[in-house]
Amino acid sequence: MLFNSYEFIFFFLPITFVIYFWLNKKRLTQASKGWMVFASLFFYSWWNIIYLPLILGSILFNFAIGSTITRIGNSSHKVKKGISRKSILVFGVVSNILLLAYFKYMDFFISNTNMILGTHWDLMHIILPLGISFFTFTQIAYLIDAYRNEVKEMDYLNYTLFVTFFPHLLAGPILHHKEMMPQFDSIKNKIINYHNIAAGLFLFSIGLFKKVIIADTFAGWANAGFDTSASLNLIEAWATSLSYTFQLYFDFSGYTDMALGVALMFNIRLPINFNSPYKALNIQDFWRRWHITLSRFLRDYIYIPLGGNRNGEFRTYSNLFTVFLIGGLWHGASWMFVAWGALHGSAIVIHRAWQQFGQKMNTFWAWFITFNFINITWIFFRAKDWENAKNILNGMIGLNGIVLPEKYEKYFGELNNHLIQFGPVYEHINGKAQTTVYVILGFFLVLILKNSMQQWNEFKPTRLNLFFILTLFLVAVSMMSRVSEFLYFNF
């Protein structure tokens, strides 16, 4: 079920909300948790009920492993001879990785094996279950935290609620058990909070507007550009890359805003996942602002266990590069994602070396270089293959000329009939005006305006703000006839 759908907004969310707080009002706290689990599993199953046993099995398995680790107590105790807490942890983590690898990477492995060895194994054509990367990483973090004695969850209902809570289930944020369960157990959070409802609707409306009005509009230009990459000229190629850069940001940050907003209506605060990442002045700063909970996971559960920066500069550089390769591959089973991860890994290594030499850069040039690096590397993130990426890059350096191809003009002419018209339309360029204005708008929104988290912190339920919420909501809902999935559902 999509956040940007009529079923979610007008049926699922209000019904779930009313019953949850009604049960809490009757002091049926366990029943309210059970209802939330049921609602969340219904939310997940809406897409494809065939994968319901998968997530339930994953939850049961990880709860059993985590509980066993907790019961043993400390590393000196053993279940049987030769079986320690660490052995159980390794078994649990490896099992989760193998599950993820089967669904997400099996066809990738088979196709590359066929190419390298000349074999002819048939692809399995496995459909990727929604949210598997997110709920797998969430549970791996839980197992490691249990091993570190940072969580001691022995209640299966609590654990299931932690994993399945529907606002974060499909595309994050990636959660820690210790930051969530105290909120569900808090007495004050079981009472309707009208300020949180207003603030939640505020965030949800901003996120819905980002997705439906901004991201999906940029998607039209991005898709058109990547689909006709071989013939893009200089202006079109840059319009294509920038359109995808803004589409991805407003799509994923829009989802996160909506997730945080929905959770807040239930008095639950999810961790912040974005903090104006396109304002970053270097690549390290970018990863402290973009998909913050994934960066946190990679740092705490991969980079630090690999040794972090404790074993000399060369080892630090290799650890950083390895983490970003893993982060690239996490996003999808494609060499394009590996290339994207390698580019970011190389950039973070260069940045660290630059810092070691004590070098500094003018603020504007630091931002300019960082943003353009991010914009260019997103091409590898989006491109179907190497040829597709090369075509876009060739266009961006002017190898394909500057004349608008006829088929691209025709596409924009048709697309214009379905878009809100911002600014003038000139017949001889057919859509270029709208693209330019949207790109300028994108820069204005991500660089000049306060981000949604800052606005949330300053939010007060005044009449003006309530009018603003209603306006954003109605405009976005009126455009939901072109419902589309969120990009990170594919990862």
# chains A, B, ... in the order shown; residues from 1 in each chain; ligands from 1

call {"tool": "closest_atom_pairs", "arguments": {"of": "stretch 373-407 of chain A", "to": "stretch 364-369 of chain A", "cutoff": "12 Å", "atoms": "only C-alpha atoms", "output": "CSV"}}
result
residue,atom,partner,partner_atom,distance
A:Phe373,CA,A:Ile369,CA,6.0
A:Ile374,CA,A:Ile369,CA,8.6
A:Asn375,CA,A:Ile369,CA,9.8
A:Ile376,CA,A:Ile369,CA,10.5

call {"tool": "write_last_selection", "arguments": {"atoms": "all heavy atoms", "output": "compact mmCIF listing (two decimals), in the first residue's frame"}}
result
# COMPACT_ATOMS: atom_id res chain seq x y z
N PHE A 373 29.57 16.50 -8.31
CA PHE A 373 29.99 15.10 -8.17
C PHE A 373 28.79 14.22 -7.86
O PHE A 373 28.61 13.15 -8.46
CB PHE A 373 31.04 14.97 -7.06
CG PHE A 373 31.37 13.54 -6.73
CD1 PHE A 373 32.26 12.83 -7.51
CD2 PHE A 373 30.78 12.91 -5.64
CE1 PHE A 373 32.55 11.50 -7.22
CE2 PHE A 373 31.06 11.59 -5.35
CZ PHE A 373 31.96 10.88 -6.14
N ILE A 374 27.96 14.66 -6.94
CA ILE A 374 26.76 13.90 -6.58
C ILE A 374 25.83 13.78 -7.78
O ILE A 374 25.30 12.70 -8.09
CB ILE A 374 26.03 14.58 -5.40
CG1 ILE A 374 26.90 14.48 -4.14
CG2 ILE A 374 24.67 13.94 -5.15
CD1 ILE A 374 26.48 15.42 -3.04
N ASN A 375 25.63 14.88 -8.50
CA ASN A 375 24.75 14.87 -9.66
C ASN A 375 25.25 13.90 -10.73
O ASN A 375 24.47 13.13 -11.30
CB ASN A 375 24.67 16.29 -10.24
CG ASN A 375 23.80 16.38 -11.48
OD1 ASN A 375 22.65 15.99 -11.46
ND2 ASN A 375 24.39 16.87 -12.56
N ILE A 376 26.55 13.90 -10.98
CA ILE A 376 27.11 13.02 -12.00
C ILE A 376 27.05 11.56 -11.57
O ILE A 376 26.71 10.67 -12.37
CB ILE A 376 28.56 13.44 -12.32
CG1 ILE A 376 28.54 14.79 -13.07
CG2 ILE A 376 29.27 12.38 -13.15
CD1 ILE A 376 29.90 15.42 -13.24

call {"tool": "residues_around", "arguments": {"residues": "A:Ser253", "least_positions_apart": "5", "cutoff": "12 Å", "atoms": "only C-alpha atoms", "output": "VMD selection string"}}
result
chain A and resid 171 to 173 203 to 204 206 to 211 214 to 215 246 to 248 258 to 261 272 to 278 289 to 292 446 451 to 453 486 to 488

call {"tool": "closest_residue", "arguments": {"among": "A:Phe202, A:Phe134, A:Phe162, A:Tyr6", "to": "A:Asn96", "atoms": "only C-alpha atoms"}}
result
A:Phe134

call {"tool": "atom_distance", "arguments": {"atom1": "atom CA of A:Asn223", "atom2": "atom CA of A:Ala237"}}
result
11.7 Å

call {"tool": "select_by_dssp", "arguments": {"residues": "stretch 89-244 of chain A", "states": "alpha helix (DSSP H)", "output": "ChimeraX atom specification"}}
result
/A:89-117,132-147,156-164,166-169,177-185,194-209,216-227,234-244

call {"tool": "residues_around", "arguments": {"residues": "stretch 102-115 of chain A", "least_positions_apart": "5", "cutoff": "6 Å", "atoms": "only C-alpha atoms", "output": "list in words"}}
result
His120, Leu123, Leu128 and Ala333 of chain A

call {"tool": "residues_around", "arguments": {"residues": "stretch 97-100 of chain A", "least_positions_apart": "5", "cutoff": "9 Å", "atoms": "only C-alpha atoms", "output": "list in words"}}
result
Ser58, Gly92, Tyr105, Ile132, Ser133, Thr136, Phe137 and Ile140 of chain A

call {"tool": "closest_residue", "arguments": {"among": "A:Ile55, A:Thr363, A:Trp22, A:Phe489", "to": "A:His331", "atoms": "only C-alpha atoms"}}
result
A:Phe489

call {"tool": "closest_residue", "arguments": {"among": "A:Ser40, A:Asn372, A:Ser295, A:Asn388", "to": "A:Leu281", "atoms": "only C-alpha atoms"}}
result
A:Asn372

call {"tool": "atom_distance", "arguments": {"atom1": "atom CA of A:Leu2", "atom2": "atom CA of A:Leu52"}}
result
16.8 Å

call {"tool": "atom_distance", "arguments": {"atom1": "atom CA of A:Asp216", "atom2": "atom CA of A:Ser5"}}
result
13.9 Å

call {"tool": "residues_around", "arguments": {"residues": "A:Asn149", "least_positions_apart": "2", "cutoff": "9 Å", "atoms": "only C-alpha atoms", "output": "ChimeraX atom specification"}}
result
/A:69-70,73-74,144-147,151-152

call {"tool": "write_last_selection", "arguments": {"atoms": "N, CA and C atoms", "output": "compact mmCIF listing (two decimals), in the first residue's frame"}}
result
# COMPACT_ATOMS: atom_id res chain seq x y z
N ILE A 69 20.76 -15.13 22.49
CA ILE A 69 21.96 -14.35 22.82
C ILE A 69 21.79 -13.65 24.16
N THR A 70 20.59 -13.10 24.38
CA THR A 70 20.32 -12.39 25.64
C THR A 70 20.33 -13.34 26.81
N GLY A 73 23.70 -14.50 28.40
CA GLY A 73 24.23 -13.54 29.37
C GLY A 73 25.48 -12.85 28.94
N ASN A 74 26.60 -13.52 28.91
CA ASN A 74 27.85 -12.91 28.50
C ASN A 74 28.69 -13.92 27.72
N ILE A 144 23.06 -7.56 16.67
CA ILE A 144 24.36 -7.05 17.15
C ILE A 144 24.18 -6.27 18.44
N ASP A 145 23.12 -5.48 18.54
CA ASP A 145 22.85 -4.75 19.78
C ASP A 145 22.58 -5.71 20.94
N ALA A 146 21.89 -6.82 20.65
CA ALA A 146 21.65 -7.82 21.69
C ALA A 146 22.96 -8.43 22.15
N TYR A 147 23.86 -8.69 21.22
CA TYR A 147 25.17 -9.24 21.56
C TYR A 147 25.97 -8.26 22.42
N VAL A 151 20.28 -4.26 24.14
CA VAL A 151 18.84 -4.53 24.17
C VAL A 151 18.60 -5.88 24.82
N LYS A 152 17.49 -6.00 25.49
CA LYS A 152 17.13 -7.27 26.12
C LYS A 152 15.63 -7.50 25.93

call {"tool": "residues_around", "arguments": {"residues": "A:Ser186", "least_positions_apart": "5", "cutoff": "12 Å", "atoms": "only C-alpha atoms", "output": "PDB file with N, CA and C atoms, in the first residue's frame"}}
result
ATOM      1  N   ASN A  24      -6.277   1.771  23.485  1.00  0.00           N
ATOM      2  CA  ASN A  24      -5.461   2.344  24.560  1.00  0.00           C
ATOM      3  C   ASN A  24      -6.327   3.067  25.591  1.00  0.00           C
ATOM      4  N   THR A  29      -3.671  -2.268  26.449  1.00  0.00           N
ATOM      5  CA  THR A  29      -2.406  -1.903  25.812  1.00  0.00           C
ATOM      6  C   THR A  29      -1.837  -3.032  24.956  1.00  0.00           C
ATOM      7  N   MET A 180      13.076   2.828  19.870  1.00  0.00           N
ATOM      8  CA  MET A 180      11.676   2.709  19.511  1.00  0.00           C
ATOM      9  C   MET A 180      10.791   2.179  20.644  1.00  0.00           C
ATOM     10  N   MET A 181      11.174   1.050  21.258  1.00  0.00           N
ATOM     11  CA  MET A 181      10.265   0.388  22.195  1.00  0.00           C
ATOM     12  C   MET A 181       9.931   1.224  23.430  1.00  0.00           C
ATOM     13  N   ILE A 191      -2.080   8.220  24.636  1.00  0.00           N
ATOM     14  CA  ILE A 191      -3.188   9.182  24.651  1.00  0.00           C
ATOM     15  C   ILE A 191      -3.098  10.069  23.421  1.00  0.00           C
ATOM     16  N   PHE A 266       0.825   8.892  15.827  1.00  0.00           N
ATOM     17  CA  PHE A 266       0.702   7.844  16.846  1.00  0.00           C
ATOM     18  C   PHE A 266       1.646   8.113  18.024  1.00  0.00           C
ATOM     19  N   ASN A 267       2.169   9.351  18.110  1.00  0.00           N
ATOM     20  CA  ASN A 267       3.066   9.787  19.188  1.00  0.00           C
ATOM     21  C   ASN A 267       4.411   9.063  19.169  1.00  0.00           C
ATOM     22  N   ILE A 268       4.836   8.623  18.003  1.00  0.00           N
ATOM     23  CA  ILE A 268       6.117   7.946  17.848  1.00  0.00           C
ATOM     24  C   ILE A 268       7.025   8.824  16.991  1.00  0.00           C
TER      25      ILE A 268
END

call {"tool": "closest_residue", "arguments": {"among": "A:Ser229, A:Leu60, A:Val212, A:Glu153", "to": "A:Val477", "atoms": "only C-alpha atoms"}}
result
A:Val212
